[in-house]
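Student: Next up is a structure, given as structure tokens.
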Number of protein chains: 4
Amino acid sequence: MAKNIKTEYNDLGLGTKTSSGSFRSLNKDGTFNVKKTNVPFLERINFFHSLITMPWLHFFGLIVSGYLIANILFAFIYLIIGVEHLTGINALSVSGKFIEAFFFSAQTITTLGYGRVAPVGILANCIAAIESLLGLLAFALATGLLYGRFSKPSGRIKYSSCAVLAPYQDINAFMFRVVNPQNNQLLEVEVNVSFSMKKENSELRDFYSLELERNKIVFFPYMWTIVHPINEASPLFKLKEAEMLARNAEFIVMMKAFDESFSQTVYSRSSYKASEIKWGEKFVYLVKWEEEGVSVDVGKIDETEKVKLN
Amino acid sequence: MAKNIKTEYNDLGLGTKTSSGSFRSLNKDGTFNVKKTNVPFLERINFFHSLITMPWLHFFGLIVSGYLIANILFAFIYLIIGVEHLTGINALSVSGKFIEAFFFSAQTITTLGYGRVAPVGILANCIAAIESLLGLLAFALATGLLYGRFSKPSGRIKYSSCAVLAPYQDINAFMFRVVNPQNNQLLEVEVNVSFSMKKENSELRDFYSLELERNKIVFFPYMWTIVHPINEASPLFKLKEAEMLARNAEFIVMMKAFDESFSQTVYSRSSYKASEIKWGEKFVYLVKWEEEGVSVDVGKIDETEKVKLN
Amino acid sequence: MAKNIKTEYNDLGLGTKTSSGSFRSLNKDGTFNVKKTNVPFLERINFFHSLITMPWLHFFGLIVSGYLIANILFAFIYLIIGVEHLTGINALSVSGKFIEAFFFSAQTITTLGYGRVAPVGILANCIAAIESLLGLLAFALATGLLYGRFSKPSGRIKYSSCAVLAPYQDINAFMFRVVNPQNNQLLEVEVNVSFSMKKENSELRDFYSLELERNKIVFFPYMWTIVHPINEASPLFKLKEAEMLARNAEFIVMMKAFDESFSQTVYSRSSYKASEIKWGEKFVYLVKWEEEGVSVDVGKIDETEKVKLN
Amino acid sequence: MAKNIKTEYNDLGLGTKTSSGSFRSLNKDGTFNVKKTNVPFLERINFFHSLITMPWLHFFGLIVSGYLIANILFAFIYLIIGVEHLTGINALSVSGKFIEAFFFSAQTITTLGYGRVAPVGILANCIAAIESLLGLLAFALATGLLYGRFSKPSGRIKYSSCAVLAPYQDINAFMFRVVNPQNNQLLEVEVNVSFSMKKENSELRDFYSLELERNKIVFFPYMWTIVHPINEASPLFKLKEAEMLARNAEFIVMMKAFDESFSQTVYSRSSYKASEIKWGEKFVYLVKWEEEGVSVDVGKIDETEKVKLN
């Protein structure tokens with residue numbers, strides 16, 4: 001009884017009530033199918049999070065736009081106070097003056113300062129002094145974010161696209177496998193697999209934490225097949241494929257590891273829906289022991305072969 | 001007996017002696033009502049802590065003031081050694097010379113260096129060489145702090161403004177709820193709730209650690225209602241509302257989570273006084289299961305409705 | 001027996017063999033009385049560690065020296081290739097030329113670049129291009145270290161200068177107290193106290209881990225008195241003051257906490273020798289409960305008063 | 001039985017199947033003898049990991065090459081748009097113009113900007129404005145990586161080059177020793193030793209986790225001898241030297257510690273093959289207790305002496 005309560009509530013924080021909707025709660029890329037509404041803007045917004053996670057193209061677009069807008073703004077200001085306060089400007093037309101002011105601004109904001117064009121007098125000098133201060137601060141943020149994005153652990157663990165239900169010792173087991181495609185070492189890798197399924201004759205869902213053959217490895221140099229043996233204690237015990245599909249089952253995976261290159265803890269999430277499980281197939285063994293070392297054919301991570309279930 | 005000792009001392013570090021003062025020991029914003037006196041200045045001061053936690057307006061004020069003061073200082077120095085050692089200065093009045101020296105200093109400290117005004121001779125060159133070195137170092141600190149502030153995990157978990165005392169299974173429970181209003185993932189969220197109350201007929205306080213229905217979730221995508229069931233083991237067992245108020249009760253909450261955007265552990269604290277607990281109310285359920293995903297109405301986190309207690 | 005082995009080996013890594021020398025193994029400032037000899041230079045040296053832990057005066061001295069030396073070096077190079085390749089140099093004497101080259105170098109290495117003096121021709125331009133690259137890289141290291149030093153958690157926990165042996169319930173206890181003099185929050189503070197003493201009639205030492213009344217607190221807003229009750233299981237049971245002195249006893253303390261300002265785990269170490277323990281004294285209580293909050297008189301952390309031992 | 005399963009699977013993640021190849025699975029430097037094949041380029045590549053772990057010479061080579069290539073590229077662009085848009089260029093030949101454009105580019109990309117050569121007109125100014133922006137961003141990455149490399153914990157724990165099989169109490173034990181040659185403190189040091197050996201009459205391998213006399217120390221000021229006592233429970237019990245060699249045994253070591261200078265967790269790995277174990281030798285004791293402290297002769301870490309086994 002006590003144990004029952006524990007497993008029922010071991011829902012990883014995804015809640016125990018749910019409709020029979022067929023969407024997945026956790027997407028393959030680790031994001032959740034959740035929309036938060038009516039959050040006040042100031043509570044919702046997290047500039048750092050947005051700037052660190054947006055696509056690279058958007059990030060560079062933002063920097064270039066910011067650079068352009070700042071220079072246009074300051075060019076207008078120099079134009080308003082009069083470009084006669086800048087030495088070396090030869091243009092006579094307004095547009096010509098604006099363009100020269102724009103480039104003077106660019107030379108100021110980057111602290112380049114050729115000096116062919118230079119401010120004379122209090123007003124122009126003031127604007128230039130302010131602009132160079134702003135430039136230093138703004139570029140500190142931009143370049144800090146650039147390096148922050150670059151040095152952010154990616155934790156790109158690669159999951160097999162499908163899971164399998166294969167024989168294991170004298171019973172069967174639910175299995176999927178993962179590989180670290182990169183050369184950075186992941187250490188002390190932990191995995192946590194949770195299983196959710198609609199209750200019979202109800203709109204509610206049950207959540208179970210699955211017992212694994214191993215839930216932690218110290219090193220992760222090759223490939224790791226994560227195995228949940230389906231014994232009497234398993235919520236999958238005697239569950240048929242059709243029922244799993246009908247009850248809209250979902251396996252939710254969380255992995256945690258220490259990434260040695262980044263000296264940081266990284267997390268990875270994924271999920272398998274009932275339709276992504278191959279019954280009666282097993283993974284092809286990919287590790288080859290050669291004369292001078294081990295070789296793993298990562299390209300074949302999804303390869304399975306037919307096998308008779310127990 | 002052994003257990004008694006344990007719960008009595010499980011005071012989170014807030015001490016077991018206390019007056020009957022009605023102040024809260026932990027403020028809503030996570031700071032403590034503590035004043036440390038007679039701490040020698042050098043032991044007390046922590047520049048980094050101050051600079052990283054002060055309001056943004058103060059921080060920018062400090063940078064701008066520092067910039068102004070440094071330039072005024074160096075302008076005076078250039079004035080003292082004589083602006084004739086700077087090329088391109090046309091001003092004849094002292095104030096005019098000071099202003100030109102001020103802007104030359106600004107161009108030097110930011111390493112802008114237009115060169116329209118430039119130092120000639122040993123003395124002026126020396127000052128300029130020192131100023132540019134100082135400028136590089138000072139701006140490194142300023143921009144480092146700017147980025148440090150910007151990239152500091154905010155951990156803004158939003159707490160319901162009130163807690164409730166609501167029915168739970170066939171008993172009652174103390175409940176409050178929290179939400180992460182932002183889009184950054186909080187993982188492995190742990191909560192720790194402690195309860196303190198004046199002893200009967202004494203100025204001293206008892207502290208208890210409260211047993212929770214769950215004290216850890218792996219994911220935190222929606223909203224989390226933290227539940228302390230009031231069973232026979234609970235210090236709240238048979239406690240009435242009036243007594244709780246009279247004995248000046250306080251619930252102290254600490255949450256701990258891993259913030260994935262910042263790759264750091266974050267902490268959050270809050271508290272509920274007896275007067276912030278609604279007896280006989282329950283939280284309105286806010287998670288909606290729509291066709292394409294889940295939707296949570298965060299704006300209604302404080303919404304409760306009347307309910308009959310067990 | 002099993003327990004005996006455990007406590008005997010619970011030596012924190014300080015070894016079980018030791019002479020009867022009267023030096024302390026752990027100094028008050030957290031460093032160890034250890035000299036490592038015959039370590040090859042390349043294995044021993046850790047530039048980062050040295051640069052991050054050296055006194056501030058040394059650090060700034062190093063930066064200024066580096067700046068001077070680099071400029072002197074480059075000034076010589078410009079002198080050797082001929083200052084006629086630099087525009088705007090008016091000096092005729094070698095020393096005058098050297099000085100002008102020196103300041104040109106300073107303007108180049110800081111990327112200031114006034115341009116009054118500027119390189120002409122391949123050779124001078126080459127040197128200047130190399131110098132500005134070196135300048136950018138060197139200043140990146142210097143300013144990175146500057147900010148790294150500034151943002152390094154100091155973890156300045158203040159220990160009472162002496163420990164006491166005071167009555168506790170119906171027995172006695174070994175006690176000392178600590179305070180966080182700063183305003184940054186230390187969370188989840190853990191303490192570990194170990195006791196070492198020469199064996200009777202032997203040059204070897206015994207090490208014991210001491211059981212504490214509490215070894216962890218969640219918050220640390222006030223002051224914490226760490227208490228080891230001297231019951232039958234304690235290695236201090238029936239130990240007299242004279243024997244403790246004769247057997248050269250030492251209490252070794254390690255504290256660990258999460259510093260919220262720095263978002264990092266910090267460690268602190270200290271030790272008490274037998275001569276730093278006041279027998280039959282207790283700490284004066286320093287927390288005052290005032291109308292609007294709590295006040296702690298940190299300046300009196302060392303204050304004790306006579307008390308009768310049990 | 002249950003225990004058997006546990007030890008068999010306690011393989012640290014190195015797999016349980018293996019050929020009888022004589023290569024080591026873990027190299028002395030902590031890398032693995034693994035080749036991952038058929039990994040798509042975009043999944044495999046991790047620029048940050050490569051740039052942070054490549055040798056210093058390669059890293060500086062890359063920076064210098066990047067600087068040269070960028071300047072050559074921009075020099076060509078200025079040449080194409082016509083160097084008449086740059087003031088102060090005196091060269092008449094194409095090569096001379098290219099060289100002057102190259103140095104102008106260097107002055108722009110480092111934001112040095114002497115201004116002797118300066119852009120005039122829209123086109124040249126545009127290129128210069130873009131180049132200075134690129135320069136700021138590229139140097140932010142380069143200098144960030146430079147500091148990142150410099151401040152990366154090295155965790156250089158030094159292992160004795162051989163392990164020994166020496167008497168221990170009334171049995172024997174497998175021992176090796178480690179030292180931290182540097183002055184930075186390593187705290188809370190944990191060690192994990194695993195033993196692998198070919199099965200008798202099979203190509204498969206058994207993996208065992210070895211029970212250690214101590215697997216964690218709080219401080220690590222001197223030297224640490226890690227001891228696995230060979231009692232009845234040990235997989236080494238009654239194993240002879242010849243058999244260990246024949247069955248291609250390997251001891252795999254992982255250490256984990258908190259490096260106080262870097263405020264980070266560091267990992268270290270090493271391994272001992274059967275041929276690197278000296279039977280019937282013991283380590284010479286290297287810690288000397290002098291008047292003013294302890295002295296450890298790190299240079300003799302590998303020194304052993306003959307001893308009779310139990």
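Ligands are numbered from 1 in the order shown, chains are lettered A, B, ... in the order of the structure tokens, and residues start at 1 in each chain.
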Identify all chain A residues at most 9 Å from chain C by counting only C-alpha atoms; ligands do not count. Present them as an mmCIF file with C-alpha atoms, in the first residue's frame.
Tutor:
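Saved result, selection_8.cif, follows:
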```cif
data_model
loop_
_atom_site.group_PDB
_atom_site.id
_atom_site.type_symbol
_atom_site.label_atom_id
_atom_site.label_comp_id
_atom_site.auth_asym_id
_atom_site.auth_seq_id
_atom_site.Cartn_x
_atom_site.Cartn_y
_atom_site.Cartn_z
ATOM 1 C CA THR A 111 36.320 52.582 -29.531
ATOM 2 C CA LEU A 112 38.133 52.349 -32.881
ATOM 3 C CA GLY A 113 38.592 56.127 -33.117
ATOM 4 C CA TYR A 114 40.622 56.734 -36.294
ATOM 5 C CA GLY A 115 40.426 60.437 -35.619
#
```
Student: Excluding stretch 149-161 of chain A and its own-chain neighbours fewer than 2 positions away, which residues fall within 7 Å of it when counting only C-alpha atoms? Please give them as JSON, numbers by chain.
Tutor: {"A": [52, 145, 146, 147, 163, 176, 177, 178, 179, 180, 181, 262, 266, 267, 268, 301, 302], "D": [48]}
Student: Name all residues at most 8 Å from C:Ala274 (count only C-alpha atoms; drop same-chain ones fewer than 3 positions away) and give them as a VMD selection string.
Tutor: chain C and resid 241 244 to 245 248 to 251 277
Student: Please, could you write that set of residues out with C-alpha atoms as a tab-separated table (two decimals), in the first residue's frame?
Tutor:
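Dumped to part_2.tsv:
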```tsv
chain	number	residue	atom	x	y	z
C	241	GLU	CA	42.72	19.03	30.65
C	244	MET	CA	44.82	16.74	26.56
C	245	LEU	CA	47.69	19.22	26.70
C	248	ASN	CA	49.04	17.43	22.15
C	249	ALA	CA	45.38	17.24	21.12
C	250	GLU	CA	44.02	19.10	18.10
C	251	PHE	CA	40.45	19.68	16.93
C	277	ILE	CA	40.16	25.37	24.92
```
Student: Atom CA of C:Phe102 and atom CA of B:His85 are how many Å apart?
Tutor: 16.9 Å
Student: Pick out each residue of stretch 105-177 of chain C that DSSP on the backbone tags as helix (DSSP H, G or I); I need them as a ChimeraX atom specification.
Tutor: /C:105-109,122-150
Student: Hey, what's within 10 Å of D:Ile171 if we count only C-alpha atoms and toss same-chain stuff fewer than 5 positions away? As a VMD selection string, please?
Tutor: chain D and resid 166 229 to 231 309 to 310
Student: Interatomic distance between atom CA of C:Lys282 and atom CA of B:Leu42?
Tutor: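 Computed distance, atom CA of C:Lys282 to atom CA of B:Leu42, equals 27.5 Å.
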Student: Applying 10 Å and only C-alpha atoms, which residues near C:Leu137 remain after dropping the ones on its own chain fewer than 2 positions away? List them as a list in words.
Tutor: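 So the residues in contact are Ile109, Glu131, Ser132, Leu133, Leu134, Gly135, Phe139, Ala140, Leu141 and Ala142 of chain C; Ile63, Phe139, Ala140, Ala142, Thr143, Gly144, Leu146 and Tyr147 of chain D.
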Student: Work out how far atom CA of D:Val94 is from atom CA of D:Tyr78, in Å to one decimal.
Tutor: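 Atom-to-atom, atom CA of D:Tyr78 and atom CA of D:Val94 are spaced 11.7 Å apart.
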Student: Please identify all polymer residues within 12 Å of A:Asn215, counting only C-alpha atoms, omitting same-chain residues fewer than 2 positions from it, and present them as a ChimeraX atom specification.
Tutor: /A:188-193,209-213,217-218,224-228,253-257 /D:9-10,12-13
Student: Using DSSP on the backbone coordinates, identify all residues within stretch 228-274 of chain D classified as strand (DSSP E or B); present the result as a PDB file with N, CA and C atoms, in the first residue's frame.
Tutor:
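File written: result-v1.pdb
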```pdb
ATOM      1  N   HIS D 228      43.249  -1.889  -1.317  1.00  0.00           N
ATOM      2  CA  HIS D 228      42.181  -2.883  -1.429  1.00  0.00           C
ATOM      3  C   HIS D 228      42.636  -4.157  -0.728  1.00  0.00           C
ATOM      4  N   PRO D 229      42.119  -4.458   0.474  1.00  0.00           N
ATOM      5  CA  PRO D 229      42.537  -5.659   1.192  1.00  0.00           C
ATOM      6  C   PRO D 229      41.986  -6.906   0.485  1.00  0.00           C
ATOM      7  N   GLU D 250      43.002  -5.780 -15.572  1.00  0.00           N
ATOM      8  CA  GLU D 250      43.178  -4.324 -15.608  1.00  0.00           C
ATOM      9  C   GLU D 250      42.462  -3.701 -14.411  1.00  0.00           C
ATOM     10  N   PHE D 251      43.170  -2.819 -13.704  1.00  0.00           N
ATOM     11  CA  PHE D 251      42.558  -2.055 -12.612  1.00  0.00           C
ATOM     12  C   PHE D 251      42.240  -0.668 -13.133  1.00  0.00           C
ATOM     13  N   ILE D 252      41.000  -0.242 -12.990  1.00  0.00           N
ATOM     14  CA  ILE D 252      40.582   1.053 -13.511  1.00  0.00           C
ATOM     15  C   ILE D 252      40.250   1.962 -12.336  1.00  0.00           C
ATOM     16  N   VAL D 253      40.864   3.141 -12.324  1.00  0.00           N
ATOM     17  CA  VAL D 253      40.758   4.043 -11.182  1.00  0.00           C
ATOM     18  C   VAL D 253      40.060   5.329 -11.602  1.00  0.00           C
ATOM     19  N   MET D 254      39.085   5.765 -10.830  1.00  0.00           N
ATOM     20  CA  MET D 254      38.526   7.091 -11.035  1.00  0.00           C
ATOM     21  C   MET D 254      38.557   7.847  -9.719  1.00  0.00           C
ATOM     22  N   MET D 255      39.061   9.076  -9.764  1.00  0.00           N
ATOM     23  CA  MET D 255      39.058   9.929  -8.576  1.00  0.00           C
ATOM     24  C   MET D 255      38.238  11.179  -8.865  1.00  0.00           C
ATOM     25  N   LYS D 256      37.631  11.677  -7.830  1.00  0.00           N
ATOM     26  CA  LYS D 256      36.760  12.852  -7.936  1.00  0.00           C
ATOM     27  C   LYS D 256      37.089  13.743  -6.742  1.00  0.00           C
ATOM     28  N   ALA D 257      37.195  15.037  -6.956  1.00  0.00           N
ATOM     29  CA  ALA D 257      37.545  15.922  -5.852  1.00  0.00           C
ATOM     30  C   ALA D 257      36.989  17.310  -6.124  1.00  0.00           C
ATOM     31  N   PHE D 258      36.939  18.123  -5.081  1.00  0.00           N
ATOM     32  CA  PHE D 258      36.579  19.521  -5.237  1.00  0.00           C
ATOM     33  C   PHE D 258      37.867  20.328  -5.205  1.00  0.00           C
ATOM     34  N   ASP D 259      38.142  21.058  -6.284  1.00  0.00           N
ATOM     35  CA  ASP D 259      39.354  21.866  -6.358  1.00  0.00           C
ATOM     36  C   ASP D 259      39.032  23.276  -5.874  1.00  0.00           C
ATOM     37  N   GLN D 264      35.578  24.134  -8.363  1.00  0.00           N
ATOM     38  CA  GLN D 264      34.911  23.194  -9.255  1.00  0.00           C
ATOM     39  C   GLN D 264      35.238  21.753  -8.906  1.00  0.00           C
ATOM     40  N   THR D 265      34.359  20.863  -9.313  1.00  0.00           N
ATOM     41  CA  THR D 265      34.597  19.445  -9.149  1.00  0.00           C
ATOM     42  C   THR D 265      35.503  18.969 -10.282  1.00  0.00           C
ATOM     43  N   VAL D 266      36.540  18.225  -9.932  1.00  0.00           N
ATOM     44  CA  VAL D 266      37.445  17.706 -10.967  1.00  0.00           C
ATOM     45  C   VAL D 266      37.481  16.176 -10.890  1.00  0.00           C
ATOM     46  N   TYR D 267      37.733  15.583 -12.036  1.00  0.00           N
ATOM     47  CA  TYR D 267      37.812  14.133 -12.135  1.00  0.00           C
ATOM     48  C   TYR D 267      39.193  13.756 -12.650  1.00  0.00           C
ATOM     49  N   SER D 268      39.645  12.590 -12.246  1.00  0.00           N
ATOM     50  CA  SER D 268      40.930  12.083 -12.735  1.00  0.00           C
ATOM     51  C   SER D 268      40.767  10.590 -12.945  1.00  0.00           C
ATOM     52  N   ARG D 269      41.378  10.078 -13.989  1.00  0.00           N
ATOM     53  CA  ARG D 269      41.271   8.649 -14.274  1.00  0.00           C
ATOM     54  C   ARG D 269      42.649   8.067 -14.530  1.00  0.00           C
ATOM     55  N   SER D 270      42.833   6.804 -14.187  1.00  0.00           N
ATOM     56  CA  SER D 270      44.052   6.107 -14.586  1.00  0.00           C
ATOM     57  C   SER D 270      43.785   4.608 -14.553  1.00  0.00           C
ATOM     58  N   SER D 271      44.782   3.825 -14.928  1.00  0.00           N
ATOM     59  CA  SER D 271      44.580   2.369 -14.899  1.00  0.00           C
ATOM     60  C   SER D 271      45.910   1.669 -14.665  1.00  0.00           C
ATOM     61  N   TYR D 272      45.840   0.472 -14.144  1.00  0.00           N
ATOM     62  CA  TYR D 272      47.016  -0.390 -13.987  1.00  0.00           C
ATOM     63  C   TYR D 272      46.744  -1.725 -14.662  1.00  0.00           C
ATOM     64  N   LYS D 273      47.628  -2.150 -15.568  1.00  0.00           N
ATOM     65  CA  LYS D 273      47.527  -3.480 -16.173  1.00  0.00           C
ATOM     66  C   LYS D 273      48.256  -4.464 -15.247  1.00  0.00           C
TER      67      LYS D 273
END
```
Student: So that I can see what lies close to C:Leu286, please list as a PyMOL selection string the residues with an atom at most 8 Å from it, counting only C-alpha atoms and leaving out residues fewer than 2 positions away in the same chain.
Tutor: chain C and resi 284+288+296-298+300-301
